[in-house]
Amino acid sequence: MEMLDLAGWHPIAASSDLPTRHVFHGQLLGREFAVWRADDGFVNVWENRCLHRGVRLSLGLNDGRELRCLYHGWRYSSRSAGCTYIPAHPADAPARTICNRTYDAVEAAGMVWSSVAPEAEFALPEVLAGADPLVLRPVPVNAAPGVALALAEGLLPDARAIGAASVSFAEAGLVVFVQPLDAHRCVLRGVLLAQPDDRMAALRYHDGVLCGLRDRIEASGEVAPPPLEVGFQPVDAALAEMPARARSGPKAELRVQVARKWDAAQDVAGFQLRAVRGVLPAFQPGAHIDVHLPNGMSRQYSITNAPGESDYTIGVKRDAAGRGGSVCLHGDVREGDVLAISAPRNNFPLRRDSEKVLLIAGGIGITPMLAMAQALQVQGIPYALHVFARSEAHVPFADRLAGLAVTRHLGLDAAGTGAVLGDILSGYAFSHHVYVCGPAPMLTATREIAAGAGWPEEAVHFEYFANPEVIDDSTSFEIALARSAMTLQVPAGRSILEVLQENGVDVPSSCEQGACGTCVCGVLEGEPEHQDVYLSAAERAANDQIMTCVSRARSARLVLDI
Amino acid sequence: MKLYDFELHAECYAARLMLSLLGVTYQTEAVDFYPEAAHLAPEFRAINPLGRLPLLEDGTLRFGTVQGILSYLAAAYDPTGHWAPDTAVLRGEVAGWMAVAGELAATAGQARLIETMFADGDAEAARAGAEALLRVIDQHLWFGEVEGRDWLCSATHPTIADIACFPHVVLSEDGGISRQDYPAIRRWIDRVKRLEGFTVMSGVFPTSSAL
Amino acid sequence: MMAQPCTDTVMLEHWHPVVSLDELRGAGRCRTVLLDRPVEIVRAAGGARVLCDSAPVQTLVQYGYVWASFGTAPAPLFPFPEFDEADRRFVVTGVFGVQVSAGRAIENFLDMGHFPYVHTGILGEEPHTEVKEYDVEISQSRDEILATRCRFYQPKAAVSSDEGADVEYIYRVPHPNCSVLYKSSPVDETRLDAIYIFVQPMGQEKIRAHTGMCIIDDASTDLDIRSFQQTIFGQDKPILENQYPRRLPLDPRAETPIRADKSAIAYRRWLAAKGLGWGVIPAGA
């Protein structure tokens, strides 16, 4: 039957069905939808099913930026529908491919339109073009859509079927769309093509007409067919396996346009990056992207955004003495330019099973802290953001700090910074966590002071911009790849990562300085010589993982879990 | 003040919700409504001859129906007079929706008792009765939103009528009644959940905070 | 209205609970549905008789329940030694009807990650949401799933304290539709309370969930214990009834497990290995 054509666009909700912070329970052709409007107005139409255990997301909580599943608290971002947080594993970043099924949606003429399997872009039905329509109350009917449509055509004498699922009554200025919920249920969505003089009277009168029609349809005695059998798209094979603690993922390359470039602070440029097509993948607080630069370099920058925002915003500090990435971004990249970036990767995940979170940011190290502070603020978890900078003019993204629990510490020398850190870090208690990002000396100081104040190592989380250590690559040794059944030689002057990549073993990597954690690999045998700044002392001592970009072997041979 | 109570009983929840919204402190005494049917035992009938929950005791006063409890609490403990408003129009409206709440108990409430606690009765008939009521309530609330009215009665604030109807509506799925076809009711549920002093019961969850 | 009766041999060759002796004692007889067949249970010498279309059905009285089977040679019922320990109290906390498959209900019973969200303030509380690593094994000799070293943060973990702490759990699944959990007794931390769910599959998507406990506690009344367990079950019920599809999918790619779901993964594999095809969506279906 034409009414059950999966490619067609149908109205699935009225705009007024979607007040902020609400989740509407919709349906089209047997597929259930959770439909919700984010605080920025974006309308999300998702399969009504949490990918984890199948619970309806229409039971979930719309916090304005993310939808939280009622069952296990999984959070899904507006727009991308990507999972941003799994509370059962607070220390892990969710695999970024965990993404709900979304459906296309267009808000037009006071209604939200969607399609199960669109073959064409949405086009507003001609009858509505140029109209200032008044949307009537939707009237659900327990009858087959085709039966409803046929009886609707008898409603008024001048009926004219338009499209596959609607009837126009030109004299009354009324169009009735029949939204097929399922084979045996539908909704009559009436629209008056012009605003009547007495709006309430018109709404009530036509509601009476549609209810009368519903009653006649339901009384018609036509036996409704059984519900449609809906198959569920299987999840990605990689998600079906119980995941190990791996952090790597596919290297998706994305194209973004620089929507805005501005001075975010002295010597810091802000870049707002917008998808050239479609929607950018969900990011989690602490995540970074690799930005591929016109000069051939690739650099890592933290995403500063609050949950649910559509563009990625990054901050780039100009470093004339650096390797040239920041100079290129400051000097050569302009608004409107298109850049290639990686999908967000999170090696600095934010635990949210905390009674209190301390965020300590030094200079440009504020960028991941901003994303964390905004996420904690939205979720209502107690936190304090401490920003260290030379002066107010050196505090990046001061506009985003408004409304956050922030304390500024300006113009302090090393001793002054140490004293303030001592104050901030006094009073450790169970379930407190501290996150720190900034220049290497500040990270070192924070870690020492925290340790002295009784913070356990697992409660202190840090991210280096770069590895301040000098890497010794003078040794040579053998690596055996347990899963790939290969044995390779790592000569002096080459890294494990380079040798792996030269031999066709795909290992994701990013900073290649032992700072970001992307190229981590499990160690099954042998003793690594750690030269990174990513692993904690306890993780180093365990000798069961290695940063393949900088670390080497003390033993003659390493067996890697790859 | 003491409430004779059973956690999973919809009308006991109406009483607890009202007490919570009014900020009144009270004790509860659990009555084994299911599986023991202790509300029908002679000991309980000695206190409430109707053999019915909830029962509220305030000093020497006793109220043994949910309508009585809500009306009494609002009149005695709400200095604003909002919950049981005193104008002619609102008195009529409140009484009308309180009657609908009673019909919801006999339909949606009964379907729930049949499906979850194996009470006697015709679940299909109970559901059909409930769906007919929910259609009317949804229509009423939809026009309310258009007219700028958020609640069942025409006041700018909720009344005991909302509280009397809420438990049966929010627990309807227990009786096999989906609320998918009642979008205006679903939004009204969110509004009730955002009232200051709102409290949940087993099977009812909070919603997100308003913008 | 009754669906085509179940012909799945895995289900037919098991014993299924149909009524608690507590309930039968009060009512004398009980009519219910098992595997899409109407059954009637009547008191009789030795406990009870079960009838289907007036014909006798194999009947067993054990662990405070009447069990029935339509099979030719149903395997003996699983061991539940705590039921016979003299210093434990046996409390039937009730039977509730739920529109869901037995598998979904058992999986929910095994799940700890939902405690802070569904049993807020009782079995868990934000921000303490972590499911720590635990062990799961499928015991070949006993043909049951065993999850051990499970720990989860519980507010007011003990009667003697208002403080929250990690509580230990052990979960057993000795029957496709039955599970028993053991958790530290709030009264005596050296002992474990046993809490069970015995699911009576009325149909593929409709169950009666029988719950109760064998506990070390002489302070609480039966009513207190019942109220507590009913509150917990009442919180799970709307979640279960909103799982979609209602039958338990056995295809690994139907849903997305995480490490916290190890016991559920083992459970689905165990059911698939048994060849169960009723109340579930078999892999490849």
# chains A, B, ... in the order shown; residues from 1 in each chain; ligands from 1
>>> select_by_dssp(residues="segment 57-266 of chain C", states="strand (DSSP E)", output="number ranges by chain")
C: 57-62, 65-69, 89-98, 135-139, 144-154, 165-175, 178-184, 192-203, 206-215, 248-249
>>> select_by_dssp(residues="segment 451-520 of chain A", states="helix (DSSP H, G or I)", output="PyMOL selection string")
chain A and resi 451-452+457-459+496-502
>>> interface_residues(of="chain A", to="chain C", cutoff="9 Å", atoms="only C-alpha atoms", output="PyMOL selection string")
chain A and resi 48-56+59+70-73+87-91+98+232-244+352-355+381+431
>>> closest_residue(among="C:Tyr171, C:Phe228, C:Tyr196, C:Phe152", to="chain B", atoms="only C-alpha atoms")
C:Phe228
>>> closest_atom_pairs(of="segment 312-341 of chain A", to="segment 256-272 of chain A", cutoff="7 Å", atoms="only C-alpha atoms", output="JSON lines")
{"residue": "A:Tyr312", "atom": "CA", "partner": "A:Gln272", "partner_atom": "CA", "distance": 5.8}
{"residue": "A:Thr313", "atom": "CA", "partner": "A:Gln272", "partner_atom": "CA", "distance": 4.4}
{"residue": "A:Ile314", "atom": "CA", "partner": "A:Phe271", "partner_atom": "CA", "distance": 5.4}
{"residue": "A:Gly315", "atom": "CA", "partner": "A:Gly270", "partner_atom": "CA", "distance": 4.6}
{"residue": "A:Val316", "atom": "CA", "partner": "A:Ala269", "partner_atom": "CA", "distance": 5.2}
{"residue": "A:Lys317", "atom": "CA", "partner": "A:Val268", "partner_atom": "CA", "distance": 4.3}
{"residue": "A:Arg318", "atom": "CA", "partner": "A:Asp267", "partner_atom": "CA", "distance": 5.3}
{"residue": "A:His330", "atom": "CA", "partner": "A:Ala269", "partner_atom": "CA", "distance": 6.6}
{"residue": "A:Arg334", "atom": "CA", "partner": "A:Lys261", "partner_atom": "CA", "distance": 6.9}
{"residue": "A:Glu335", "atom": "CA", "partner": "A:Val258", "partner_atom": "CA", "distance": 5.0}
{"residue": "A:Gly336", "atom": "CA", "partner": "A:Val258", "partner_atom": "CA", "distance": 5.1}
{"residue": "A:Asp337", "atom": "CA", "partner": "A:Val258", "partner_atom": "CA", "distance": 5.5}
{"residue": "A:Val338", "atom": "CA", "partner": "A:Gln257", "partner_atom": "CA", "distance": 4.3}
{"residue": "A:Leu339", "atom": "CA", "partner": "A:Val256", "partner_atom": "CA", "distance": 5.4}
{"residue": "A:Ala340", "atom": "CA", "partner": "A:Val256", "partner_atom": "CA", "distance": 6.3}
